[in-house]
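As structure tokens, the structure follows; a few thoughts come after it.
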Amino acid sequence: MSLYSGLYKSPRLQLGESLRTAMMNDQKSHMLSAGDYEGLVVPVCGDFTGSISTPWLNSTVISPSLCAAVRLHLELRAFLKYISASPVEAQARNDAFRRLASVLSIIRPQAILSLTGSTRLSLALPASDIDVVLTETSANLSSYQDATQFQQQSAISTIEYALNRLQSRPYTTTSILRASVPVLKIREARTGLELDLTYRTRVQPAASDPVAVAAEWQSKLDVRENSARMLSDLVMVVKHVLGMRRLGTTYTGGINSYVLFWMVVAWLELEFPALCAERGEELYLPRGVDGGRRPNLGIMLREFFRFYGEKFDYQNKMIKFVPNVQYVWKSMSTAASPFSGGSRLRLSATEQRYLLAIEDPASGTDPGRKVYGIKHVKETFKELGKALETAMTSRVARGAGSLLAGVLGGNYSLFQEKRRKMVH
């Protein structure tokens with residue numbers, strides 16, 4: 001054996017490590033084919049690097065005498081309470097939106113600022129960016145065409161210039177003009193909150209409005225199973241898991257909130273019923289725990305990680321929602337090519353280069369094509385599923401320690417500092 005054989009790294013591993021490093025450093029990169037890099041687990045990084053803590057347990061007492069599955073569910077409930085905005089934080093976010101709307105009403109008198117994205121769906125973390133859209137009004141909206149990319153760039157540049165000329169400099173701005181949808185990132189000095197502004201010149205019909213379509217599914221799935229909020233709760237937990245590892249934005253190849261939302265919808269519609277049929281009462285809490293008979297959120301999270309980490313056939317299958325939720329073979333479906341400007345084409349598995357394929361029910365395009373780091377997400381999900389299984393069968397499961405430390409544990413000091421700044 002060669003002295004240097006242990007140091008050799010395959011090209012696929014080198015590319016995988018390069019992409020992982022870029023994602024952890026919040027840098028854009030590109031991996032051009034499905035087989036060109038090796039998927040790797042991405043650890044906690046960025047703001048959450050450092051000593052491991054579980055602050056959601058500081059004000060919550062969970063009896064160690066309960067079984068591990070029930071304890072896991074109750075700890076997730078405590079975590080969701082911890083990461084949800086308090087009334088004061090929610091008011092601070094609303095006030096930041098209203099202040100910007102007031103300023104923009106002077107800069108663009110015929111435009112209306114509206115909430116969109118996760119904030120509109122109540123799926124935003126307390127200190128996360130606030131997605132807003134500025135819509136230019138017209139006397140005849142029905143015949144008004146949406147803005148071209150050049151018009152969007154021009155409007156955003158004009159708004160940025162005006163904001164930077166305001167006295168006392170209440171905002172700092174960064175424009176991303178070359179994105180497929182130009183964005184103006186506006187950070188408010190008073191709260192530290194960032195508002196991400198896009199620009200339109202027509203009101204979007206509800207049937208083609210991605211957030212409106214998502215809201216319909218949210219209301220449908222969150223009222224099932226004794227009002228268990230299954231969809232919203234899973235999205236919030238997994239969204240935070242991804243954010244802690246800088247896997248939560250398609251800009252760097254990760255999964256953004258919109259893609260994650262539809263992945264959770266597909267799992268709830270297609271996989272959860274099969275699990276219920278297979279395992280029955282094992283998936284549900286005992287009567288009298290957490291307000292009645294409802295699914296165990298901890299087991300659901302573990303099975304979600306297992307499915308997208310080990311079972312889903314990314315290479316050959318895509319997820320469709322119209323006319324109903326289903327998996328279809330990529331070679332038999334229409335999807336948006338990453339190189340076609342969003343046009344709908346028939347693609348074989350080898351042509352769908354980014355592996356994750358999801359047909360957006362609002363537009364018919366494939367937002368999954370932007371997730372070029374999906375192999376790293378897949379391996380991370382796989383590892384997290386194993387971590388939950390290990391926690392539930394370890395000595396911790398029979399004691400008073402956290403069952404979520406291996407999944408959600410991290411340094412929360414910066415997270416808490418951002419929240420404090422919002423309200424002071």
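Chain labels follow the order of the structure tokens: the first chain is A, the next B, and so on; residue numbering restarts at 1 in every chain, and ligands are counted from 1 in their shown order.
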
Give me the residues within 9 Å of Pro55 of chain A as a compact mmCIF listing (two decimals) with C-alpha atoms, in the first residue's frame, counting only C-alpha atoms and dropping any in the same chain fewer than 5 places off.
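Wrote it out as result-v2.txt, contents follow:
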```
# COMPACT_ATOMS: atom_id res chain seq x y z
CA PHE A 79 -38.73 24.14 21.75
CA TYR A 82 -39.10 28.98 22.79
CA GLY A 409 -28.47 21.93 20.46
CA TYR A 412 -27.97 30.33 21.25
```

Run DSSP on the backbone of this structure and report the residues of segment 104-349 of chain A it assigns to strand (DSSP E), as a ChimeraX atom specification.
/A:111-115,130-136,171-176,183-188,194-200,317-320,326-329,334-336,344-346

If you count only C-alpha atoms, which residues fall within 10 Å of Trp262 of chain A, apart from same-chain ones fewer than 5 positions away, as a ChimeraX atom specification?
/A:214,217,231,235,257,267-268,319-321,358-361

Let me see the file: selected residues, all heavy atoms, as a CSV table (one decimal), in the first residue's frame.
```
chain,number,residue,atom,x,y,z
A,214,ALA,N,-50.1,28.2,-0.8
A,214,ALA,CA,-49.6,27.5,0.4
A,214,ALA,C,-50.5,27.7,1.6
A,214,ALA,O,-50.6,26.8,2.4
A,214,ALA,CB,-48.2,28.1,0.7
A,217,TRP,N,-53.2,25.1,1.7
A,217,TRP,CA,-52.8,23.8,2.2
A,217,TRP,C,-52.5,23.9,3.7
A,217,TRP,O,-52.8,22.9,4.4
A,217,TRP,CB,-51.5,23.4,1.4
A,217,TRP,CG,-51.8,22.8,0.1
A,217,TRP,CD1,-51.8,23.4,-1.1
A,217,TRP,CD2,-52.1,21.4,-0.1
A,217,TRP,NE1,-52.1,22.5,-2.1
A,217,TRP,CE2,-52.3,21.2,-1.5
A,217,TRP,CE3,-52.2,20.3,0.7
A,217,TRP,CZ2,-52.6,20.0,-2.1
A,217,TRP,CZ3,-52.5,19.0,0.1
A,217,TRP,CH2,-52.7,18.9,-1.3
A,231,LEU,N,-48.5,20.5,10.0
A,231,LEU,CA,-47.7,21.1,9.0
A,231,LEU,C,-46.8,22.2,9.5
A,231,LEU,O,-45.6,22.3,9.3
A,231,LEU,CB,-48.6,21.6,7.9
A,231,LEU,CG,-48.0,22.4,6.7
A,231,LEU,CD1,-46.9,21.6,6.0
A,231,LEU,CD2,-49.0,22.9,5.8
A,235,VAL,N,-42.7,22.3,9.8
A,235,VAL,CA,-41.9,23.3,9.0
A,235,VAL,C,-41.1,24.1,9.9
A,235,VAL,O,-39.9,24.4,9.7
A,235,VAL,CB,-42.9,24.2,8.2
A,235,VAL,CG1,-42.2,25.4,7.6
A,235,VAL,CG2,-43.6,23.3,7.1
A,257,SER,N,-37.6,28.1,2.7
A,257,SER,CA,-38.8,27.8,3.4
A,257,SER,C,-39.9,27.3,2.5
A,257,SER,O,-40.7,26.5,2.8
A,257,SER,CB,-39.3,29.1,4.1
A,257,SER,OG,-38.3,29.5,5.1
A,267,TRP,N,-44.9,14.8,2.4
A,267,TRP,CA,-44.7,13.8,3.4
A,267,TRP,C,-46.0,13.5,4.2
A,267,TRP,O,-46.4,12.4,4.4
A,267,TRP,CB,-43.6,14.2,4.4
A,267,TRP,CG,-43.3,13.1,5.3
A,267,TRP,CD1,-42.4,12.0,5.1
A,267,TRP,CD2,-43.8,12.9,6.7
A,267,TRP,NE1,-42.4,11.2,6.2
A,267,TRP,CE2,-43.2,11.7,7.2
A,267,TRP,CE3,-44.6,13.7,7.4
A,267,TRP,CZ2,-43.5,11.3,8.5
A,267,TRP,CZ3,-44.9,13.2,8.7
A,267,TRP,CH2,-44.3,12.1,9.2
A,268,LEU,N,-46.7,14.6,4.6
A,268,LEU,CA,-47.9,14.4,5.3
A,268,LEU,C,-49.0,13.7,4.5
A,268,LEU,O,-49.8,12.9,5.0
A,268,LEU,CB,-48.4,15.8,5.9
A,268,LEU,CG,-47.6,16.4,7.0
A,268,LEU,CD1,-48.1,17.8,7.3
A,268,LEU,CD2,-47.7,15.5,8.3
A,319,ILE,N,-42.0,15.3,-7.2
A,319,ILE,CA,-43.2,15.4,-6.4
A,319,ILE,C,-44.2,16.4,-7.2
A,319,ILE,O,-43.7,17.5,-7.5
A,319,ILE,CB,-42.9,16.0,-5.0
A,319,ILE,CG1,-42.0,15.0,-4.3
A,319,ILE,CG2,-44.2,16.1,-4.2
A,319,ILE,CD1,-41.5,15.6,-3.0
A,320,LYS,N,-45.4,16.0,-7.4
A,320,LYS,CA,-46.4,16.9,-8.0
A,320,LYS,C,-47.6,17.1,-7.1
A,320,LYS,O,-47.9,16.2,-6.3
A,320,LYS,CB,-46.9,16.2,-9.3
A,320,LYS,CG,-45.9,16.2,-10.5
A,320,LYS,CD,-46.4,15.4,-11.7
A,320,LYS,CE,-47.6,16.0,-12.3
A,320,LYS,NZ,-47.3,17.3,-13.1
A,321,PHE,N,-48.3,18.2,-7.3
A,321,PHE,CA,-49.4,18.5,-6.4
A,321,PHE,C,-50.7,18.7,-7.2
A,321,PHE,O,-51.8,18.8,-6.5
A,321,PHE,CB,-49.1,19.8,-5.6
A,321,PHE,CG,-47.9,19.6,-4.6
A,321,PHE,CD1,-46.6,19.8,-5.0
A,321,PHE,CD2,-48.1,19.1,-3.3
A,321,PHE,CE1,-45.6,19.6,-4.2
A,321,PHE,CE2,-47.1,18.9,-2.5
A,321,PHE,CZ,-45.8,19.2,-2.9
A,358,ILE,N,-39.6,19.3,-7.6
A,358,ILE,CA,-40.9,19.6,-7.0
A,358,ILE,C,-41.7,20.5,-8.0
A,358,ILE,O,-41.2,21.6,-8.3
A,358,ILE,CB,-40.8,20.2,-5.7
A,358,ILE,CG1,-40.1,19.3,-4.7
A,358,ILE,CG2,-42.2,20.6,-5.1
A,358,ILE,CD1,-39.9,19.9,-3.3
A,359,GLU,N,-42.9,20.1,-8.4
A,359,GLU,CA,-43.6,21.0,-9.3
A,359,GLU,C,-44.5,21.9,-8.4
A,359,GLU,O,-45.3,21.5,-7.7
A,359,GLU,CB,-44.5,20.2,-10.2
A,359,GLU,CG,-45.2,21.1,-11.2
A,359,GLU,CD,-46.0,20.3,-12.3
A,359,GLU,OE1,-47.1,19.8,-11.9
A,359,GLU,OE2,-45.5,20.2,-13.4
A,360,ASP,N,-44.2,23.2,-8.5
A,360,ASP,CA,-44.9,24.2,-7.7
A,360,ASP,C,-46.3,24.3,-8.2
A,360,ASP,O,-46.6,24.5,-9.3
A,360,ASP,CB,-44.2,25.6,-8.0
A,360,ASP,CG,-44.8,26.7,-7.2
A,360,ASP,OD1,-45.9,26.5,-6.6
A,360,ASP,OD2,-44.1,27.8,-7.1
A,361,PRO,N,-47.3,24.0,-7.3
A,361,PRO,CA,-48.7,24.0,-7.7
A,361,PRO,C,-49.2,25.4,-8.1
A,361,PRO,O,-50.3,25.5,-8.8
A,361,PRO,CB,-49.4,23.5,-6.4
A,361,PRO,CG,-48.5,23.8,-5.3
A,361,PRO,CD,-47.1,23.7,-5.8
```

Contact residues around Leu270 of chain A with only C-alpha atoms at 12 Å, ignoring same-chain residues under 2 positions, as a tab-separated table (two decimals) with all heavy atoms, in the first residue's frame:
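Contents of result_0.tsv, as written:
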```tsv
chain	number	residue	atom	x	y	z
A	262	TRP	N	-43.37	22.53	0.84
A	262	TRP	CA	-43.97	21.52	-0.04
A	262	TRP	C	-43.42	20.13	0.21
A	262	TRP	O	-44.13	19.13	0.01
A	262	TRP	CB	-43.81	21.94	-1.51
A	262	TRP	CG	-44.62	23.16	-1.81
A	262	TRP	CD1	-44.16	24.39	-2.17
A	262	TRP	CD2	-46.05	23.28	-1.74
A	262	TRP	NE1	-45.20	25.27	-2.33
A	262	TRP	CE2	-46.37	24.62	-2.08
A	262	TRP	CE3	-47.08	22.41	-1.43
A	262	TRP	CZ2	-47.68	25.08	-2.11
A	262	TRP	CZ3	-48.38	22.87	-1.46
A	262	TRP	CH2	-48.68	24.19	-1.80
A	263	MET	N	-42.18	20.02	0.69
A	263	MET	CA	-41.65	18.71	1.08
A	263	MET	C	-42.44	18.16	2.26
A	263	MET	O	-42.76	16.96	2.31
A	263	MET	CB	-40.17	18.82	1.42
A	263	MET	CG	-39.27	19.10	0.22
A	263	MET	SD	-37.55	19.40	0.68
A	263	MET	CE	-37.03	17.74	1.19
A	264	VAL	N	-42.78	19.03	3.21
A	264	VAL	CA	-43.56	18.59	4.38
A	264	VAL	C	-44.99	18.23	3.96
A	264	VAL	O	-45.53	17.22	4.41
A	264	VAL	CB	-43.57	19.68	5.47
A	264	VAL	CG1	-44.48	19.28	6.62
A	264	VAL	CG2	-42.16	19.93	6.00
A	265	VAL	N	-45.59	19.03	3.08
A	265	VAL	CA	-46.93	18.71	2.58
A	265	VAL	C	-46.94	17.33	1.94
A	265	VAL	O	-47.83	16.50	2.22
A	265	VAL	CB	-47.42	19.77	1.57
A	265	VAL	CG1	-48.68	19.29	0.85
A	265	VAL	CG2	-47.70	21.09	2.27
A	266	ALA	N	-45.97	17.06	1.07
A	266	ALA	CA	-45.91	15.77	0.39
A	266	ALA	C	-45.77	14.63	1.39
A	266	ALA	O	-46.42	13.58	1.27
A	266	ALA	CB	-44.77	15.75	-0.62
A	267	TRP	N	-44.93	14.82	2.41
A	267	TRP	CA	-44.73	13.77	3.41
A	267	TRP	C	-46.02	13.51	4.20
A	267	TRP	O	-46.39	12.35	4.44
A	267	TRP	CB	-43.60	14.15	4.36
A	267	TRP	CG	-43.26	13.07	5.33
A	267	TRP	CD1	-42.44	11.99	5.11
A	267	TRP	CD2	-43.77	12.92	6.66
A	267	TRP	NE1	-42.40	11.19	6.23
A	267	TRP	CE2	-43.21	11.74	7.20
A	267	TRP	CE3	-44.63	13.68	7.45
A	267	TRP	CZ2	-43.49	11.30	8.48
A	267	TRP	CZ3	-44.91	13.24	8.74
A	267	TRP	CH2	-44.34	12.07	9.25
A	268	LEU	N	-46.70	14.57	4.58
A	268	LEU	CA	-47.94	14.40	5.34
A	268	LEU	C	-49.04	13.75	4.52
A	268	LEU	O	-49.83	12.95	5.03
A	268	LEU	CB	-48.43	15.76	5.85
A	268	LEU	CG	-47.63	16.39	7.00
A	268	LEU	CD1	-48.11	17.80	7.28
A	268	LEU	CD2	-47.74	15.54	8.26
A	272	PHE	N	-47.29	9.91	5.79
A	272	PHE	CA	-47.87	9.81	7.13
A	272	PHE	C	-49.06	8.85	7.18
A	272	PHE	O	-49.16	8.04	8.12
A	272	PHE	CB	-48.26	11.20	7.64
A	272	PHE	CG	-48.78	11.19	9.04
A	272	PHE	CD1	-47.94	10.91	10.11
A	272	PHE	CD2	-50.11	11.46	9.31
A	272	PHE	CE1	-48.42	10.88	11.41
A	272	PHE	CE2	-50.61	11.44	10.61
A	272	PHE	CZ	-49.75	11.15	11.66
A	273	PRO	N	-49.98	8.88	6.22
A	273	PRO	CA	-51.08	7.90	6.27
A	273	PRO	C	-50.59	6.46	6.23
A	273	PRO	O	-51.16	5.58	6.90
A	273	PRO	CB	-51.91	8.24	5.02
A	273	PRO	CG	-51.61	9.67	4.74
A	273	PRO	CD	-50.17	9.85	5.10
A	274	ALA	N	-49.55	6.21	5.44
A	274	ALA	CA	-49.01	4.85	5.37
A	274	ALA	C	-48.39	4.45	6.71
A	274	ALA	O	-48.52	3.30	7.15
A	274	ALA	CB	-47.97	4.77	4.26
A	275	LEU	N	-47.73	5.39	7.38
A	275	LEU	CA	-47.16	5.10	8.69
A	275	LEU	C	-48.26	4.80	9.71
A	275	LEU	O	-48.12	3.90	10.54
A	275	LEU	CB	-46.33	6.30	9.17
A	275	LEU	CG	-44.93	6.45	8.59
A	275	LEU	CD1	-44.33	7.78	9.01
A	275	LEU	CD2	-44.03	5.31	9.04
A	276	CYS	N	-49.35	5.56	9.62
A	276	CYS	CA	-50.48	5.32	10.54
A	276	CYS	C	-51.05	3.93	10.34
A	276	CYS	O	-51.39	3.22	11.31
A	276	CYS	CB	-51.56	6.37	10.33
A	276	CYS	SG	-51.11	8.03	10.88
A	277	ALA	N	-51.18	3.52	9.08
A	277	ALA	CA	-51.71	2.20	8.78
A	277	ALA	C	-50.78	1.10	9.26
A	277	ALA	O	-51.23	0.03	9.71
A	277	ALA	CB	-51.96	2.07	7.28
A	304	PHE	N	-39.75	11.89	9.26
A	304	PHE	CA	-39.52	12.86	8.17
A	304	PHE	C	-38.04	12.84	7.77
A	304	PHE	O	-37.71	12.78	6.58
A	304	PHE	CB	-39.95	14.26	8.62
A	304	PHE	CG	-39.66	15.33	7.61
A	304	PHE	CD1	-40.59	15.63	6.61
A	304	PHE	CD2	-38.48	16.05	7.64
A	304	PHE	CE1	-40.33	16.62	5.67
A	304	PHE	CE2	-38.21	17.04	6.71
A	304	PHE	CZ	-39.14	17.32	5.72
A	307	PHE	N	-37.24	9.61	5.93
A	307	PHE	CA	-37.76	9.52	4.57
A	307	PHE	C	-36.90	10.30	3.60
A	307	PHE	O	-36.45	9.77	2.59
A	307	PHE	CB	-39.21	10.03	4.52
A	307	PHE	CG	-39.78	10.01	3.14
A	307	PHE	CD1	-40.09	8.82	2.51
A	307	PHE	CD2	-39.97	11.19	2.43
A	307	PHE	CE1	-40.60	8.79	1.22
A	307	PHE	CE2	-40.48	11.19	1.15
A	307	PHE	CZ	-40.79	9.98	0.54
A	312	PHE	N	-36.47	8.45	0.04
A	312	PHE	CA	-36.99	9.09	-1.17
A	312	PHE	C	-36.02	8.92	-2.33
A	312	PHE	O	-34.81	9.10	-2.19
A	312	PHE	CB	-37.25	10.58	-0.92
A	312	PHE	CG	-37.83	11.29	-2.11
A	312	PHE	CD1	-39.08	10.94	-2.61
A	312	PHE	CD2	-37.12	12.29	-2.76
A	312	PHE	CE1	-39.61	11.59	-3.72
A	312	PHE	CE2	-37.64	12.94	-3.86
A	312	PHE	CZ	-38.89	12.59	-4.35
A	319	ILE	N	-42.02	15.27	-7.20
A	319	ILE	CA	-43.24	15.44	-6.43
A	319	ILE	C	-44.15	16.42	-7.16
A	319	ILE	O	-43.73	17.53	-7.51
A	319	ILE	CB	-42.94	15.97	-5.01
A	319	ILE	CG1	-41.98	15.02	-4.29
A	319	ILE	CG2	-44.23	16.11	-4.21
A	319	ILE	CD1	-41.45	15.58	-2.97
A	320	LYS	N	-45.40	16.01	-7.40
A	320	LYS	CA	-46.40	16.85	-8.04
A	320	LYS	C	-47.58	17.06	-7.10
A	320	LYS	O	-47.87	16.19	-6.27
A	320	LYS	CB	-46.89	16.21	-9.35
A	320	LYS	CG	-45.87	16.21	-10.49
A	320	LYS	CD	-46.37	15.42	-11.68
A	320	LYS	CE	-47.60	16.05	-12.31
A	320	LYS	NZ	-47.25	17.27	-13.07
A	321	PHE	N	-48.27	18.18	-7.26
A	321	PHE	CA	-49.39	18.50	-6.39
A	321	PHE	C	-50.70	18.70	-7.15
A	321	PHE	O	-51.76	18.82	-6.55
A	321	PHE	CB	-49.08	19.76	-5.57
A	321	PHE	CG	-47.93	19.58	-4.63
A	321	PHE	CD1	-46.63	19.83	-5.04
A	321	PHE	CD2	-48.13	19.11	-3.35
A	321	PHE	CE1	-45.56	19.64	-4.19
A	321	PHE	CE2	-47.08	18.91	-2.48
A	321	PHE	CZ	-45.79	19.17	-2.90
A	324	ASN	N	-53.40	16.06	-7.92
A	324	ASN	CA	-53.33	15.61	-6.55
A	324	ASN	C	-51.86	15.34	-6.20
A	324	ASN	O	-51.00	15.32	-7.07
A	324	ASN	CB	-54.18	14.34	-6.33
A	324	ASN	CG	-53.89	13.29	-7.38
A	324	ASN	OD1	-52.75	12.85	-7.56
A	324	ASN	ND2	-54.92	12.89	-8.12
A	325	VAL	N	-51.59	15.13	-4.92
A	325	VAL	CA	-50.22	14.91	-4.48
A	325	VAL	C	-49.79	13.51	-4.88
A	325	VAL	O	-50.46	12.52	-4.56
A	325	VAL	CB	-50.09	15.08	-2.96
A	325	VAL	CG1	-48.62	15.03	-2.55
A	325	VAL	CG2	-50.71	16.38	-2.51
A	326	GLN	N	-48.67	13.41	-5.58
A	326	GLN	CA	-48.19	12.11	-6.04
A	326	GLN	C	-46.71	12.20	-6.40
A	326	GLN	O	-46.16	13.27	-6.63
A	326	GLN	CB	-48.98	11.67	-7.27
A	326	GLN	CG	-48.89	12.65	-8.45
A	326	GLN	CD	-49.76	12.25	-9.61
A	326	GLN	OE1	-49.71	11.11	-10.05
A	326	GLN	NE2	-50.56	13.18	-10.12
A	327	TYR	N	-46.08	11.02	-6.39
A	327	TYR	CA	-44.73	10.90	-6.94
A	327	TYR	C	-44.87	10.41	-8.37
A	327	TYR	O	-45.66	9.52	-8.66
A	327	TYR	CB	-43.90	9.87	-6.17
A	327	TYR	CG	-43.85	10.09	-4.67
A	327	TYR	CD1	-44.16	9.06	-3.79
A	327	TYR	CD2	-43.48	11.32	-4.14
A	327	TYR	CE1	-44.10	9.24	-2.41
A	327	TYR	CE2	-43.42	11.51	-2.77
A	327	TYR	CZ	-43.74	10.47	-1.92
A	327	TYR	OH	-43.69	10.65	-0.56
```

Skip Leu283 of chain A itself and residues of its chain fewer than 6 positions away, then list as an mmCIF file with N, CA and C atoms, in the first residue's frame all residues within 9 Å of it, counting only C-alpha atoms.
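Below is the file result16.cif, written as the result:
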```cif
data_model
loop_
_atom_site.group_PDB
_atom_site.id
_atom_site.type_symbol
_atom_site.label_atom_id
_atom_site.label_comp_id
_atom_site.auth_asym_id
_atom_site.auth_seq_id
_atom_site.Cartn_x
_atom_site.Cartn_y
_atom_site.Cartn_z
ATOM 1 N N LEU A 275 -47.732 5.388 7.377
ATOM 2 C CA LEU A 275 -47.165 5.103 8.692
ATOM 3 C C LEU A 275 -48.264 4.802 9.708
ATOM 4 N N CYS A 276 -49.346 5.561 9.625
ATOM 5 C CA CYS A 276 -50.476 5.325 10.542
ATOM 6 C C CYS A 276 -51.053 3.926 10.343
ATOM 7 N N ARG A 294 -53.372 13.002 19.728
ATOM 8 C CA ARG A 294 -52.788 13.623 18.545
ATOM 9 C C ARG A 294 -51.462 12.957 18.214
ATOM 10 N N PRO A 295 -50.979 13.166 16.997
ATOM 11 C CA PRO A 295 -49.729 12.518 16.596
ATOM 12 C C PRO A 295 -48.555 12.986 17.447
ATOM 13 N N ASN A 296 -47.611 12.082 17.675
ATOM 14 C CA ASN A 296 -46.396 12.400 18.416
ATOM 15 C C ASN A 296 -45.448 13.148 17.483
ATOM 16 N N LEU A 297 -45.204 14.422 17.774
ATOM 17 C CA LEU A 297 -44.382 15.262 16.912
ATOM 18 C C LEU A 297 -42.948 14.754 16.822
ATOM 19 N N ILE A 299 -41.864 11.573 16.942
ATOM 20 C CA ILE A 299 -41.789 10.442 16.016
ATOM 21 C C ILE A 299 -41.982 10.927 14.582
ATOM 22 N N MET A 300 -42.864 11.889 14.387
ATOM 23 C CA MET A 300 -43.061 12.438 13.047
ATOM 24 C C MET A 300 -41.772 13.072 12.522
#
```

Neighbouring residues of Arg99 of chain A were defined as those with any atom within 12 Å, considering only C-alpha atoms; residues of the same chain fewer than 6 positions away were excluded. Please report them as a CSV table (one decimal) with C-alpha atoms, in the first residue's frame.
```csv
chain,number,residue,atom,x,y,z
A,92,ALA,CA,-41.8,44.8,17.0
A,93,ARG,CA,-41.9,43.0,13.6
A,105,SER,CA,-45.5,55.7,0.7
A,106,ILE,CA,-43.6,58.9,0.3
A,113,LEU,CA,-46.2,47.4,0.6
A,170,PRO,CA,-32.6,54.7,9.7
A,171,TYR,CA,-31.8,51.9,7.1
A,188,GLU,CA,-33.5,48.7,10.1
A,189,ALA,CA,-31.0,50.3,12.5
A,190,ARG,CA,-33.5,50.6,15.3
A,191,THR,CA,-34.3,46.8,15.6
A,193,LEU,CA,-34.4,43.4,11.6
A,195,LEU,CA,-36.8,43.4,5.4
```

So which residues touch Ser53 of chain A within 10 Å, counting only C-alpha atoms, skipping near sequence neighbours fewer than 6 positions away, as a PDB file with N, CA and C atoms, in the first residue's frame?
```
ATOM      1  N   SER A 402     -31.650  16.349  27.775  1.00  0.00           N
ATOM      2  CA  SER A 402     -32.337  16.696  26.541  1.00  0.00           C
ATOM      3  C   SER A 402     -32.228  15.577  25.517  1.00  0.00           C
ATOM      4  N   ALA A 405     -30.706  17.516  22.019  1.00  0.00           N
ATOM      5  CA  ALA A 405     -29.409  18.193  21.989  1.00  0.00           C
ATOM      6  C   ALA A 405     -28.624  17.871  20.722  1.00  0.00           C
ATOM      7  N   LEU A 408     -30.927  19.870  17.789  1.00  0.00           N
ATOM      8  CA  LEU A 408     -31.204  21.304  17.902  1.00  0.00           C
ATOM      9  C   LEU A 408     -30.278  22.029  18.867  1.00  0.00           C
ATOM     10  N   GLY A 409     -29.390  21.291  19.525  1.00  0.00           N
ATOM     11  CA  GLY A 409     -28.473  21.928  20.459  1.00  0.00           C
ATOM     12  C   GLY A 409     -27.449  22.795  19.753  1.00  0.00           C
ATOM     13  N   GLY A 410     -27.102  23.916  20.362  1.00  0.00           N
ATOM     14  CA  GLY A 410     -26.107  24.817  19.787  1.00  0.00           C
ATOM     15  C   GLY A 410     -25.891  25.999  20.694  1.00  0.00           C
ATOM     16  N   ASN A 411     -25.089  26.949  20.238  1.00  0.00           N
ATOM     17  CA  ASN A 411     -24.832  28.175  20.993  1.00  0.00           C
ATOM     18  C   ASN A 411     -25.913  29.197  20.628  1.00  0.00           C
ATOM     19  N   TYR A 412     -26.827  29.461  21.531  1.00  0.00           N
ATOM     20  CA  TYR A 412     -27.971  30.329  21.250  1.00  0.00           C
ATOM     21  C   TYR A 412     -27.758  31.772  21.714  1.00  0.00           C
ATOM     22  N   SER A 413     -26.530  32.143  22.058  1.00  0.00           N
ATOM     23  CA  SER A 413     -26.300  33.482  22.595  1.00  0.00           C
ATOM     24  C   SER A 413     -26.597  34.565  21.561  1.00  0.00           C
TER      25      SER A 413
END
```

For the helix (DSSP H, G or I) assignment from backbone DSSP, which residues of segment 241-413 of chain A qualify? Please present them as number ranges by chain.
A: 241-244, 250-252, 257-283, 297-311, 330-332, 367-370, 374-393, 395-398, 405-408, 413

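Going from atom CA of Pro126 of chain A over to atom CA of Arg302 of chain A, you cover 24.8 Å.
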
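With only C-alpha atoms as the atoms that count, the residue of A:Gly39, A:Gly373, A:Gly406, A:Gly243 with the shortest distance to Ala387 of chain A is A:Gly406.
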
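The residue that comes closest to Gln416 of chain A, out of A:Lys28, A:Ser63, A:Leu125, A:Tyr37 and on the basis of only C-alpha atoms, is A:Leu125.
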